[in-house]
Every structure is written in structure tokens, then in C-alpha cells.
file input-v2.txt (compact mmCIF, C-alpha atoms)
# COMPACT_ATOMS: atom_id res chain seq x y z
CA MET A 14 45.23 -45.75 -28.18
CA LYS A 15 41.53 -46.62 -28.18
CA ASN A 16 40.78 -43.56 -26.05
CA MET A 17 42.06 -41.42 -28.95
CA TYR A 18 39.13 -42.64 -31.07
CA PRO A 19 35.46 -41.69 -30.71
CA LYS A 20 33.19 -44.11 -28.83
CA LYS A 21 30.54 -43.29 -31.39
CA GLY A 22 31.27 -42.06 -34.88
CA ARG A 23 34.12 -42.59 -37.32
CA VAL A 24 37.63 -41.44 -38.11
CA ILE A 25 38.09 -40.75 -41.82
CA LEU A 26 41.26 -39.84 -43.69
CA HIS A 27 41.28 -38.20 -47.09
CA VAL A 28 44.61 -38.83 -48.80
CA ASP A 29 45.27 -36.44 -51.68
CA MET A 30 48.45 -36.74 -53.73
CA ASN A 31 50.28 -33.47 -54.37
CA SER A 32 50.73 -32.50 -58.02
CA PHE A 33 50.40 -36.18 -58.83
CA TYR A 34 51.49 -36.44 -62.48
CA ALA A 35 54.47 -34.17 -61.95
CA SER A 36 55.40 -35.98 -58.73
CA VAL A 37 55.35 -39.34 -60.51
CA GLU A 38 57.72 -37.98 -63.17
CA VAL A 39 60.08 -36.71 -60.46
CA ALA A 40 59.93 -40.13 -58.76
CA TYR A 41 61.08 -41.72 -62.01
CA ASP A 42 63.70 -39.07 -62.73
CA PRO A 43 65.05 -37.46 -59.53
CA SER A 44 67.05 -34.97 -61.64
CA LEU A 45 63.72 -33.15 -62.15
CA SER A 46 63.40 -32.49 -58.42
CA GLY A 47 63.25 -28.80 -57.51
CA LYS A 48 62.77 -27.69 -61.11
CA PRO A 49 59.72 -26.05 -62.72
CA LEU A 50 57.98 -28.96 -64.43
CA ALA A 51 54.70 -29.10 -66.32
CA ILE A 52 52.69 -31.94 -67.81
CA ALA A 53 50.93 -30.72 -70.92
CA GLY A 54 49.00 -32.09 -73.84
CA ASN A 55 50.40 -31.43 -77.32
CA PRO A 56 53.58 -29.67 -76.10
CA GLU A 57 54.67 -29.12 -79.73
CA GLU A 58 51.53 -27.11 -80.40
CA ARG A 59 50.77 -23.65 -79.11
CA ARG A 60 47.22 -24.67 -78.25
CA GLY A 61 48.42 -27.28 -75.71
CA ILE A 62 47.36 -26.65 -72.10
CA ILE A 63 48.92 -27.40 -68.73
CA VAL A 64 47.44 -30.57 -67.20
CA THR A 65 49.35 -30.18 -63.94
CA CYS A 66 52.63 -28.70 -62.79
CA SER A 67 55.13 -28.91 -59.95
CA TYR A 68 54.97 -26.53 -57.01
CA GLU A 69 58.16 -24.85 -58.27
CA ALA A 70 56.25 -24.01 -61.47
CA ARG A 71 53.23 -22.82 -59.51
CA ALA A 72 55.43 -20.44 -57.55
CA LEU A 73 56.19 -18.74 -60.87
CA GLY A 74 52.50 -18.19 -61.65
CA ILE A 75 51.88 -21.27 -63.79
CA LYS A 76 48.47 -22.86 -63.29
CA THR A 77 46.48 -25.87 -64.43
CA THR A 78 44.58 -25.28 -67.74
CA MET A 79 46.90 -22.39 -68.62
CA PRO A 80 47.82 -22.32 -72.34
CA LEU A 81 51.30 -23.69 -72.88
CA TRP A 82 52.48 -20.59 -74.76
CA GLU A 83 51.55 -18.41 -71.77
CA ALA A 84 53.30 -20.74 -69.33
CA LYS A 85 56.49 -20.64 -71.42
CA ARG A 86 56.32 -16.87 -71.51
CA LEU A 87 56.15 -16.76 -67.71
CA CYS A 88 58.89 -19.35 -67.32
CA PRO A 89 61.14 -19.87 -70.38
CA GLN A 90 63.09 -22.58 -68.52
CA LEU A 91 59.90 -24.58 -67.86
CA ILE A 92 60.38 -28.32 -68.46
CA VAL A 93 57.38 -29.68 -70.37
CA MET A 94 56.54 -33.39 -70.57
CA THR A 95 53.69 -35.23 -72.27
CA PRO A 96 51.38 -37.28 -70.03
CA ASN A 97 52.35 -40.91 -69.46
CA PHE A 98 49.04 -42.35 -68.27
CA ASP A 99 50.29 -45.94 -68.01
CA ARG A 100 52.94 -44.70 -65.60
CA TYR A 101 50.40 -42.70 -63.58
CA ARG A 102 48.02 -45.64 -63.46
CA LYS A 103 50.75 -47.89 -62.05
CA ALA A 104 51.69 -45.29 -59.47
CA SER A 105 48.03 -44.98 -58.48
CA LEU A 106 47.68 -48.72 -58.00
CA ALA A 107 50.86 -48.78 -55.91
CA MET A 108 49.55 -45.92 -53.78
CA PHE A 109 46.24 -47.63 -53.02
CA ASP A 110 47.97 -50.96 -52.43
CA TYR A 111 50.03 -49.24 -49.77
CA LEU A 112 46.98 -47.64 -48.12
CA ARG A 113 45.31 -51.04 -47.91
CA THR A 114 48.16 -52.29 -45.72
CA TYR A 115 46.47 -50.23 -42.97
CA THR A 116 42.84 -51.18 -43.62
CA HIS A 117 40.70 -52.69 -46.36
CA MET A 118 38.30 -49.76 -45.83
CA VAL A 119 39.85 -47.72 -48.64
CA GLN A 120 37.75 -45.99 -51.30
CA PRO A 121 39.58 -44.52 -54.28
CA VAL A 122 37.65 -41.63 -55.81
CA SER A 123 40.11 -40.70 -58.55
CA ILE A 124 43.56 -41.65 -59.77
CA ASP A 125 45.24 -39.59 -57.04
CA GLU A 126 42.91 -39.37 -54.05
CA GLY A 127 40.88 -41.61 -51.79
CA TYR A 128 39.23 -42.08 -48.41
CA MET A 129 40.24 -44.39 -45.55
CA ASP A 130 38.06 -45.38 -42.59
CA ILE A 131 40.53 -46.00 -39.75
CA THR A 132 37.97 -46.19 -36.95
CA GLU A 133 39.10 -49.74 -36.08
CA CYS A 134 42.84 -49.05 -36.47
CA TYR A 135 43.51 -47.85 -32.91
CA GLU A 136 46.13 -50.60 -32.41
CA LEU A 137 48.26 -48.83 -35.04
CA GLY A 138 48.39 -45.55 -33.14
CA SER A 139 46.42 -42.32 -32.89
CA PRO A 140 44.78 -40.92 -36.05
CA LEU A 141 47.46 -38.22 -36.27
CA GLU A 142 50.26 -40.78 -35.84
CA ILE A 143 48.78 -42.96 -38.59
CA ALA A 144 48.47 -39.97 -40.94
CA LYS A 145 52.07 -38.92 -40.29
CA ARG A 146 53.30 -42.47 -40.88
CA ILE A 147 51.37 -42.74 -44.16
CA GLN A 148 52.74 -39.43 -45.38
CA THR A 149 56.32 -40.30 -44.41
CA GLU A 150 56.27 -43.83 -45.80
CA MET A 151 54.58 -42.69 -49.02
CA MET A 152 57.59 -40.46 -49.62
CA GLU A 153 60.10 -43.10 -48.57
CA LYS A 154 58.59 -46.05 -50.42
CA LEU A 155 56.95 -44.44 -53.46
CA LYS A 156 58.68 -41.05 -53.62
CA LEU A 157 55.26 -39.40 -53.76
CA PRO A 158 54.11 -36.46 -51.57
CA CYS A 159 50.57 -36.23 -50.24
CA SER A 160 48.33 -34.14 -48.02
CA ILE A 161 45.95 -35.77 -45.56
CA GLY A 162 42.75 -34.58 -43.93
CA ILE A 163 41.53 -36.15 -40.67
CA ALA A 164 37.85 -35.77 -39.80
CA PRO A 165 34.71 -37.55 -38.59
CA ASN A 166 33.23 -37.76 -42.10
CA LYS A 167 34.19 -37.75 -45.77
CA PHE A 168 33.21 -34.16 -46.54
CA LEU A 169 35.21 -32.66 -43.69
CA ALA A 170 38.17 -34.92 -44.45
CA LYS A 171 38.19 -33.72 -48.05
CA MET A 172 37.98 -30.07 -46.99
CA ALA A 173 40.78 -30.64 -44.46
CA SER A 174 43.17 -32.18 -46.99
CA ASP A 175 42.80 -29.09 -49.19
CA MET A 176 43.77 -26.71 -46.39
CA LYS A 177 47.51 -27.34 -46.43
CA LYS A 178 49.50 -28.34 -49.51
CA PRO A 179 51.97 -29.75 -50.18
CA LEU A 180 52.70 -32.31 -47.45
CA GLY A 181 50.08 -31.03 -45.06
CA ILE A 182 48.14 -32.87 -42.36
CA THR A 183 45.01 -31.13 -41.09
CA VAL A 184 42.51 -32.18 -38.43
CA LEU A 185 38.98 -30.80 -38.89
CA ARG A 186 36.29 -31.54 -36.30
CA LYS A 187 32.60 -30.70 -36.41
CA ARG A 188 33.12 -28.11 -33.71
CA ASP A 189 35.62 -26.36 -36.01
CA VAL A 190 33.16 -25.87 -38.87
CA GLN A 191 31.77 -22.50 -37.85
CA GLU A 192 35.20 -20.95 -37.23
CA ARG A 193 37.25 -22.54 -40.02
CA LEU A 194 34.81 -23.30 -42.85
CA TRP A 195 32.04 -20.74 -42.68
CA PRO A 196 34.23 -17.71 -43.50
CA LEU A 197 35.48 -19.34 -46.75
CA PRO A 198 33.99 -18.38 -50.14
CA VAL A 199 31.23 -20.80 -51.11
CA SER A 200 33.15 -21.57 -54.32
CA ASP A 201 35.89 -23.11 -52.13
CA MET A 202 33.48 -25.73 -50.82
CA HIS A 203 33.83 -29.27 -52.13
CA GLY A 204 30.76 -30.04 -54.24
CA VAL A 205 30.09 -26.44 -55.25
CA GLY A 206 31.26 -25.71 -58.77
CA LEU A 207 31.46 -22.33 -60.47
CA LYS A 208 28.00 -22.74 -61.99
CA SER A 209 26.42 -23.56 -58.64
CA ALA A 210 28.21 -20.61 -57.03
CA GLU A 211 26.79 -18.33 -59.72
CA LYS A 212 23.28 -19.67 -59.08
CA LEU A 213 23.67 -18.92 -55.37
CA GLU A 214 24.65 -15.27 -55.91
CA PRO A 215 21.06 -13.98 -56.26
CA LEU A 216 20.34 -15.42 -52.80
CA GLN A 217 23.29 -13.44 -51.40
CA ILE A 218 25.08 -16.68 -50.58
CA LYS A 219 28.75 -15.77 -50.78
CA THR A 220 30.36 -17.83 -48.02
CA ILE A 221 30.01 -21.38 -46.75
CA GLY A 222 28.42 -19.87 -43.64
CA ASP A 223 25.77 -18.20 -45.79
CA LEU A 224 25.00 -21.56 -47.36
CA ALA A 225 24.82 -23.27 -43.97
CA GLN A 226 22.09 -20.84 -42.86
CA ALA A 227 20.24 -20.52 -46.16
CA ASN A 228 16.59 -21.37 -46.69
CA VAL A 229 16.23 -25.00 -47.79
CA ILE A 230 13.21 -24.33 -49.98
CA GLN A 231 15.08 -21.63 -51.90
CA LEU A 232 18.13 -23.86 -52.28
CA LYS A 233 16.05 -26.73 -53.66
CA ALA A 234 14.34 -24.35 -56.05
CA ILE A 235 17.63 -23.46 -57.76
CA LEU A 236 19.78 -26.54 -57.15
CA GLY A 237 17.23 -29.34 -56.72
CA ILE A 238 17.84 -32.04 -54.13
CA ASN A 239 21.53 -31.15 -54.20
CA GLY A 240 20.70 -27.83 -52.55
CA GLU A 241 19.56 -29.53 -49.35
CA ARG A 242 22.56 -31.84 -49.45
CA LEU A 243 25.00 -28.92 -49.78
CA LYS A 244 23.38 -27.15 -46.83
CA GLU A 245 23.98 -30.24 -44.70
CA ARG A 246 27.61 -30.40 -45.84
CA ALA A 247 28.09 -26.72 -45.01
CA ASN A 248 26.96 -27.59 -41.48
CA GLY A 249 29.52 -30.39 -41.30
CA LYS A 250 27.04 -33.25 -41.76
CA ASP A 251 27.85 -36.20 -44.02
CA ASP A 252 26.81 -39.79 -43.27
CA ARG A 253 28.23 -41.42 -46.42
CA PRO A 254 30.31 -44.51 -45.54
CA VAL A 255 33.72 -45.28 -46.98
CA ASP A 256 32.85 -47.93 -49.58
CA PRO A 257 35.78 -50.14 -50.64
CA ASP A 258 33.55 -51.69 -53.34
CA ALA A 259 32.71 -48.40 -55.02
CA ILE A 260 33.38 -48.58 -58.74
CA TYR A 261 36.24 -46.45 -59.96
CA GLU A 262 38.51 -46.50 -62.98
CA PHE A 263 41.18 -48.86 -61.66
CA LYS A 264 39.06 -51.56 -60.09
CA SER A 265 40.19 -53.67 -57.16
CA ILE A 266 38.47 -55.51 -54.33
CA GLY A 267 40.28 -56.58 -51.19
CA ASN A 268 40.11 -57.31 -47.49
CA SER A 269 42.58 -57.49 -44.62
CA SER A 270 42.66 -58.79 -41.07
CA THR A 271 44.81 -57.89 -38.07
CA LEU A 272 45.63 -61.02 -36.10
CA ARG A 273 44.89 -61.22 -32.39
CA ALA A 274 48.63 -61.56 -31.72
CA ASP A 275 51.84 -61.89 -33.70
CA THR A 276 52.10 -65.49 -34.88
CA ILE A 277 54.10 -67.97 -36.92
CA ASP A 278 51.41 -70.66 -36.59
CA GLU A 279 50.72 -71.57 -40.23
CA GLN A 280 47.46 -73.32 -39.38
CA GLU A 281 46.11 -70.11 -37.88
CA ILE A 282 47.53 -68.10 -40.77
CA PHE A 283 45.96 -70.36 -43.40
CA ALA A 284 42.62 -70.12 -41.60
CA VAL A 285 42.78 -66.32 -41.83
CA LEU A 286 43.76 -66.46 -45.50
CA GLN A 287 40.82 -68.74 -46.20
CA ARG A 288 38.39 -66.38 -44.49
CA LEU A 289 39.80 -63.48 -46.46
CA SER A 290 39.55 -65.44 -49.72
CA ASP A 291 35.92 -66.28 -48.95
CA SER A 292 35.15 -62.63 -48.20
CA VAL A 293 36.85 -61.30 -51.33
CA SER A 294 35.16 -63.95 -53.47
CA ARG A 295 31.72 -62.97 -52.18
CA ARG A 296 32.37 -59.30 -52.85
CA LEU A 297 33.59 -60.07 -56.37
CA LYS A 298 30.39 -61.99 -57.04
CA ARG A 299 28.24 -59.16 -55.72
CA LYS A 300 29.98 -56.88 -58.21
CA GLU A 301 29.69 -59.57 -60.91
CA SER A 302 33.43 -59.31 -61.54
CA LEU A 303 36.40 -61.63 -61.93
CA ALA A 304 40.06 -60.95 -61.12
CA ARG A 305 43.17 -61.33 -63.24
CA THR A 306 45.70 -60.34 -60.56
CA ILE A 307 45.84 -61.59 -56.96
CA GLN A 308 47.88 -59.77 -54.33
CA LEU A 309 48.98 -60.86 -50.87
CA THR A 310 49.87 -58.34 -48.15
CA ILE A 311 51.95 -59.40 -45.14
CA ARG A 312 52.71 -57.09 -42.22
CA TYR A 313 55.28 -58.45 -39.79
CA HIS A 314 55.62 -57.90 -36.05
CA ASP A 315 58.04 -55.02 -36.65
CA ARG A 316 55.51 -53.27 -38.97
CA LYS A 317 57.53 -54.07 -42.08
CA THR A 318 54.94 -54.63 -44.80
CA ILE A 319 55.33 -56.36 -48.15
CA THR A 320 52.92 -56.87 -51.05
CA ARG A 321 53.43 -59.60 -53.62
CA SER A 322 51.23 -60.33 -56.62
CA LYS A 323 50.65 -62.86 -59.34
CA LYS A 324 48.95 -62.27 -62.67
CA ILE A 325 46.92 -65.21 -63.92
CA ASN A 326 45.91 -66.16 -67.44
CA ASN A 327 42.22 -66.85 -66.79
CA PRO A 328 40.11 -64.52 -64.60
CA ILE A 329 38.92 -66.15 -61.36
CA VAL A 330 36.24 -65.50 -58.75
CA GLU A 331 35.93 -68.66 -56.65
CA SER A 332 37.42 -68.62 -53.15
CA LYS A 333 39.36 -71.85 -53.69
CA ASP A 334 41.05 -70.42 -56.78
CA ILE A 335 41.97 -67.18 -55.01
CA LEU A 336 43.30 -69.15 -52.04
CA ALA A 337 45.40 -71.38 -54.28
CA VAL A 338 47.22 -68.35 -55.71
CA ILE A 339 47.57 -66.78 -52.26
CA ASN A 340 49.09 -69.97 -50.87
CA GLN A 341 51.67 -69.95 -53.66
CA LEU A 342 52.61 -66.36 -52.84
CA TRP A 343 52.73 -67.14 -49.12
CA LYS A 344 55.05 -70.10 -49.51
CA LYS A 345 57.40 -68.14 -51.71
CA HIS A 346 57.58 -64.85 -49.82
CA TRP A 347 56.99 -65.45 -46.10
CA ASN A 348 60.30 -64.98 -44.25
CA GLU A 349 59.19 -67.09 -41.25
CA GLN A 350 58.96 -64.04 -38.99
CA PRO A 351 55.88 -63.43 -36.80
CA VAL A 352 52.95 -61.98 -38.74
CA ARG A 353 50.60 -59.25 -37.50
CA LEU A 354 48.34 -58.53 -40.49
CA LEU A 355 47.29 -60.33 -43.66
CA GLY A 356 45.48 -58.94 -46.66
CA ILE A 357 44.19 -60.15 -50.02
CA THR A 358 43.46 -57.79 -52.91
CA THR A 359 42.11 -58.73 -56.33
CA GLN A 360 43.02 -56.40 -59.19
CA ASP A 361 42.62 -56.02 -62.95
CA LEU A 362 38.95 -56.83 -62.60
CA VAL A 363 36.73 -57.66 -65.53
CA GLU A 364 32.97 -57.82 -65.65
CA LYS A 365 31.55 -61.32 -65.52
CA ASN A 366 29.81 -60.97 -68.86
CA ALA A 367 33.02 -59.80 -70.53
CA ALA A 368 35.24 -62.45 -68.98
CA PHE A 369 35.99 -65.74 -70.66
CA LYS A 370 38.01 -68.80 -69.85
CA GLN A 371 40.02 -70.60 -72.46
CA LEU A 372 38.96 -74.11 -71.57
CA ASP A 373 40.84 -76.96 -73.13
CA LEU A 374 39.44 -80.33 -74.16
CA PHE A 375 40.23 -81.94 -70.81
CA SER A 376 39.08 -79.26 -68.37
CA TYR A 377 35.79 -77.92 -69.65
CA GLN A 378 33.69 -80.91 -68.47
CA GLU A 379 35.16 -80.71 -64.96
CA ASP A 380 34.47 -76.97 -64.74
CA ALA A 381 30.92 -77.45 -65.99
CA LYS A 382 30.27 -80.14 -63.34
CA LYS A 383 31.47 -77.88 -60.51
CA GLU A 384 29.32 -74.86 -61.39
CA PRO A 385 26.06 -76.29 -59.89
CA LEU A 386 27.97 -77.12 -56.69
CA TYR A 387 29.22 -73.54 -56.36
CA GLN A 388 25.70 -72.20 -56.86
CA THR A 389 24.29 -74.57 -54.22
CA ILE A 390 26.94 -73.55 -51.68
CA GLU A 391 26.23 -69.85 -52.27
CA LYS A 392 22.47 -70.39 -51.76
CA LEU A 393 23.06 -72.28 -48.50
CA GLN A 394 25.42 -69.61 -47.20
CA SER A 395 23.00 -66.83 -48.11
CA LYS A 396 20.17 -68.59 -46.25
CA PHE A 397 21.93 -70.10 -43.23
CA GLY A 398 25.12 -68.05 -42.88
CA GLN A 399 28.69 -68.28 -44.11
CA ASN A 400 29.66 -70.98 -41.58
CA VAL A 401 27.05 -73.50 -42.69
CA ILE A 402 29.69 -75.18 -44.89
CA LYS A 403 33.33 -75.25 -43.88
CA LYS A 404 36.05 -75.95 -46.40
CA GLY A 405 39.07 -78.09 -45.63
CA LEU A 406 42.52 -76.53 -45.60
CA PRO A 407 45.08 -77.79 -48.12
CA SER A 408 47.48 -80.36 -46.76
CA LYS A 409 51.16 -79.63 -46.26
CA ALA A 410 52.00 -82.13 -48.97
CA GLU A 411 49.70 -80.42 -51.44
CA GLU A 412 51.14 -77.03 -50.59
CA SER A 413 54.73 -78.19 -50.94
CA ASN A 414 54.04 -79.25 -54.52
CA LYS A 415 52.74 -75.83 -55.54
CA LYS A 416 55.06 -73.29 -57.06
CA GLY A 417 54.25 -69.73 -58.02
CA THR A 418 55.68 -66.54 -59.35
CA SER A 419 55.28 -62.93 -58.38
CA PHE A 420 56.19 -59.59 -59.77
CA ASN A 421 57.59 -56.55 -58.04
CA LYS A 422 54.83 -54.08 -57.16
CA ASP A 423 57.21 -51.15 -56.84
CA PHE A 424 55.99 -49.06 -59.76
CA LEU A 425 59.34 -47.30 -60.04
CA GLN A 426 61.13 -50.46 -61.12
CA ASP A 427 58.99 -51.43 -64.09
CA ASP A 428 57.59 -49.09 -66.72
CA ARG A 429 55.62 -51.57 -68.75
call {"tool": "encode", "arguments": {"input": "input-v2.txt", "output": "C-alpha cells"}}
result
Amino acid sequence: MKNMYPKKGRVILHVDMNSFYASVEVAYDPSLSGKPLAIAGNPEERRGIIVTCSYEARALGIKTTMPLWEAKRLCPQLIVMTPNFDRYRKASLAMFDYLRTYTHMVQPVSIDEGYMDITECYELGSPLEIAKRIQTEMMEKLKLPCSIGIAPNKFLAKMASDMKKPLGITVLRKRDVQERLWPLPVSDMHGVGLKSAEKLEPLQIKTIGDLAQANVIQLKAILGINGERLKERANGKDDRPVDPDAIYEFKSIGNSSTLRADTIDEQEIFAVLQRLSDSVSRRLKRKESLARTIQLTIRYHDRKTITRSKKINNPIVESKDILAVINQLWKKHWNEQPVRLLGITTQDLVEKNAAFKQLDLFSYQEDAKKEPLYQTIEKLQSKFGQNVIKKGLPSKAEESNKKGTSFNKDFLQDDR
């Protein structure tokens, strides 16, 4: 499948959940399926507004931000529910956990949308095959519909995902920009709000094509540096990378690795898990964060993928601590079948300055003694490379004495 990927350049997916809040409610209560459903603030009050609504409701003329009284007038049988943000947050975490089973190069940008860089995922199929599989499995596993854009950069991927909803998959290449994007109203362009569109009117910029050919000096005069940036986007140019460490509301940091071949060799598997733990630990430290939940992803030879997690009392950041939790999860949940991919994700992150550890009388001295050692190792690795110091793997005897717990990541089964 490597010939289906560009020799130079990237393949980016933009995954956008369809009517997310309403879809989550339908996933919890299938009896709502096919019915006009709206999520609204203050449903008992006439001044409440529609936050989002199902596509059945949209077909009846109901729109986001519409006053609730108007929506009820258009559709007296409209089902109105108050937002359940804890539920939506859990669904969002489950969604991104699933996307990371394909690649660690996942960047959430909001609760219901994110980017994936699948440039190195050619072993999993063509970009279109991967997108179709994600869309299908998202419905099967999470009961959530999504639209996906496939493109060489983030801007075009975002524009592509908006072109067909619900459950659409759209490919948008740079060579398609002039024919498919330029005729669209400039207000339809991602990054151009209503105020910016109004500012562009005096320059007779009405379409994306007009913006693509506009004078840069004039654009910068009314929109500042963003004017030049928007002109580049209108021409299909966008060099922003997918950043898995980008800060967003529901923080997580993770990494994954596809093995060279399916294996049941635990020594090889533990070596991969250690490398992943080291990588995740370094990234946590760069972000000055600690983790309260550790998740293990296992993809088997038949592509069956599981995620298992453990919540810990004291936030951790060191590689050895992450690996200890991962080893517990591995021992408990591996079914002894050949493994193709492994991933580690840290969740429920807290800033280093806000984190604390409840040290007891017997442990605080030991922890204090180890801190200078950790700092010395980090300095050596920064100067001479990550392989300057190699850590020993835990023995089989040590591993057999460790026991752990996990909780089900399927957000539909637990509404805490």
C-alpha cells in the first residue's frame, strides 16, 4: 500500500463527529434514534437556546442557537434534553482513545473533532480504506457517526470533512482547490468568521477564489498577519504539523509502535513497552505535567484492538512508574495471541506545579533520594542521546508478583 501514499508530503485525516451531543444521547438511549432531538440549555425557560440537534430535527428547520420556543413551534414533538457534559467528555475521550489505536499522531482540537497524520500507516491500508474502517468501527464500537476529510494538510482536511455530513468521507487534493473550493462563499472557509467576511466585502472578496487572488498588502491592512495566512489557505497551502502534544481541554499524551512482525515474544514486547514509556515520560516532562490514568493499547494479529486503563492515586511522570502500571495491565489483559501494535497513553493530566504526592513517613526519604538521580539521567540523555543509559527490564519473578486492576473504557457502560 506504500504506493498509495505520497513520496513527499503527508496524509492528514480530519475526523469530525456528527451532531456530537445528540449522537452521544442516542448511543446511551437507542430509543431516541430516528427522532427529532435537541440539546438545549434551560429547557424549562423560554430563553433557552438549541446547543445542537439531531439530523432529524435539522430536517424540520431546527438550527443551532435557535431559541427553544421557536424550535418547539416548528416541531411540537421535539425531544429536548439538557446537556450532560460529563457524558460528552467521556465519549470524547473514548473517541480519541480509539483513533490512537491507528497512530499516536492524533491532535484533538475540540471535544468532537481532531486531526490524524497517517503518513506512516501504509501497512494498515490505503488512506481511503483507513478512513472507511474508522468510520465503520466508530459506529460499531462507540455508536457514534462521523465525517472524515482526507487531504495533504490540515486546512484541506478540515474543509473536506465539512463537505459531506453525516457519515461522509471526502478526499480533497491540492489540485482540486481551484475547482472545488474557489467557487464557495468566503464565509464558508475555515478560519473566516462573519466579522472577517464583512471586512473583506469592501475589497470585493466574496468567494474563496477572490481571497486566493487578493492583494496581500490590502489583506494585511484589514486583517493583519492573518490576512496573508488566509490567502495561503485559500490557495491550499498549510504547513502546520499534526501535534499530539497540543494542549486541549481533555489532556492526554501517548505514543504507539507497530511491531516489525506479529509476535508473542514477551522480551521483545517488554522492550517496546519500555521505549514507549520512556518516550511518553519525556513528553510529559516537556509539558511539565503528570498523569493520573495510564492506558495500554494492544492490537492483535487479526486487527482486534483493546484498550485497558488504570487510575492511580498519586500522579506520576517517571518512565519506571509508567512502565510498572503498564506491565500490570499487560499481565492481566494479554490473551497470549500474537501482537502487532502496542500503545501507551497517559490521561487525566495535571500540571507539575499543581500536582502533589501524599508521601507517608516511610516513603518520602526514598523519593527525595531518587530525585537527583532522575535529574542526572535526564541531563545525560539530553547531551549524549537517549541510549546513553539503558534500563534493565523487570524479571519474570518480579512481574509475577504484581497485580493490577483496570476499568472498562467503553463509555456507554459507565456514566460516572
call {"tool": "closest_residue", "arguments": {"input": "input-v2.txt", "among": "A:Leu224, A:Arg71, A:Thr276, A:Leu303", "to": "Glu364 (chain A)", "atoms": "all atoms listed in the file"}}
result
A:Leu303
call {"tool": "closest_residue", "arguments": {"input": "input-v2.txt", "among": "A:Ala337, A:Gly249, A:Gly47, A:Gly237", "to": "Ala225 (chain A)", "atoms": "all atoms listed in the file"}}
result
A:Gly249
call {"tool": "atom_distance", "arguments": {"input": "input-v2.txt", "atom1": "CA of Gly54 (chain A)", "atom2": "CA of Thr95 (chain A)"}}
result
5.9 Å
call {"tool": "closest_residue", "arguments": {"input": "input-v2.txt", "among": "A:Ile52, A:Lys365, A:Thr132, A:Met30", "to": "Lys177 (chain A)", "atoms": "only C-alpha atoms"}}
result
A:Met30
call {"tool": "residues_near_point", "arguments": {"input": "input-v2.txt", "point": "(32.2, -51.9, -53.5)", "cutoff": "12 Å", "atoms": "all atoms listed in the file", "output": "VMD selection string"}}
result
chain A and resid 117 to 122 254 to 261 264 to 268 293 295 to 302
call {"tool": "write_last_selection", "arguments": {"input": "input-v2.txt", "atoms": "C-alpha atoms", "output": "PDB file, in the frame of the given file"}}
result
ATOM      1  CA  HIS A 117      40.700 -52.690 -46.360  1.00  0.00           C
ATOM      2  CA  MET A 118      38.300 -49.760 -45.830  1.00  0.00           C
ATOM      3  CA  VAL A 119      39.850 -47.720 -48.640  1.00  0.00           C
ATOM      4  CA  GLN A 120      37.750 -45.990 -51.300  1.00  0.00           C
ATOM      5  CA  PRO A 121      39.580 -44.520 -54.280  1.00  0.00           C
ATOM      6  CA  VAL A 122      37.650 -41.630 -55.810  1.00  0.00           C
ATOM      7  CA  PRO A 254      30.310 -44.510 -45.540  1.00  0.00           C
ATOM      8  CA  VAL A 255      33.720 -45.280 -46.980  1.00  0.00           C
ATOM      9  CA  ASP A 256      32.850 -47.930 -49.580  1.00  0.00           C
ATOM     10  CA  PRO A 257      35.780 -50.140 -50.640  1.00  0.00           C
ATOM     11  CA  ASP A 258      33.550 -51.690 -53.340  1.00  0.00           C
ATOM     12  CA  ALA A 259      32.710 -48.400 -55.020  1.00  0.00           C
ATOM     13  CA  ILE A 260      33.380 -48.580 -58.740  1.00  0.00           C
ATOM     14  CA  TYR A 261      36.240 -46.450 -59.960  1.00  0.00           C
ATOM     15  CA  LYS A 264      39.060 -51.560 -60.090  1.00  0.00           C
ATOM     16  CA  SER A 265      40.190 -53.670 -57.160  1.00  0.00           C
ATOM     17  CA  ILE A 266      38.470 -55.510 -54.330  1.00  0.00           C
ATOM     18  CA  GLY A 267      40.280 -56.580 -51.190  1.00  0.00           C
ATOM     19  CA  ASN A 268      40.110 -57.310 -47.490  1.00  0.00           C
ATOM     20  CA  VAL A 293      36.850 -61.300 -51.330  1.00  0.00           C
ATOM     21  CA  ARG A 295      31.720 -62.970 -52.180  1.00  0.00           C
ATOM     22  CA  ARG A 296      32.370 -59.300 -52.850  1.00  0.00           C
ATOM     23  CA  LEU A 297      33.590 -60.070 -56.370  1.00  0.00           C
ATOM     24  CA  LYS A 298      30.390 -61.990 -57.040  1.00  0.00           C
ATOM     25  CA  ARG A 299      28.240 -59.160 -55.720  1.00  0.00           C
ATOM     26  CA  LYS A 300      29.980 -56.880 -58.210  1.00  0.00           C
ATOM     27  CA  GLU A 301      29.690 -59.570 -60.910  1.00  0.00           C
ATOM     28  CA  SER A 302      33.430 -59.310 -61.540  1.00  0.00           C
TER      29      SER A 302
END
call {"tool": "closest_residue", "arguments": {"input": "input-v2.txt", "among": "A:Gly162, A:Asn228, A:Pro351, A:Leu309", "to": "Ile277 (chain A)", "atoms": "all atoms listed in the file"}}
result
A:Pro351
call {"tool": "residues_around", "arguments": {"input": "input-v2.txt", "residues": "Leu50 (chain A)", "least_positions_apart": "4", "cutoff": "8 Å", "atoms": "all atoms listed in the file", "output": "count of residues only"}}
result
10
call {"tool": "residues_around", "arguments": {"input": "input-v2.txt", "residues": "Met176 (chain A)", "least_positions_apart": "6", "cutoff": "12 Å", "atoms": "all atoms listed in the file", "output": "ChimeraX atom specification"}}
result
/A:27,29,160-163,169-170,182-185,193-194,197,201-203
call {"tool": "atom_distance", "arguments": {"input": "input-v2.txt", "atom1": "CA of Asp110 (chain A)", "atom2": "CA of Met152 (chain A)"}}
result
14.5 Å
call {"tool": "closest_residue", "arguments": {"input": "input-v2.txt", "among": "A:Gln148, A:Asn166, A:Ser46, A:Ser105", "to": "Val24 (chain A)", "atoms": "only C-alpha atoms"}}
result
A:Asn166
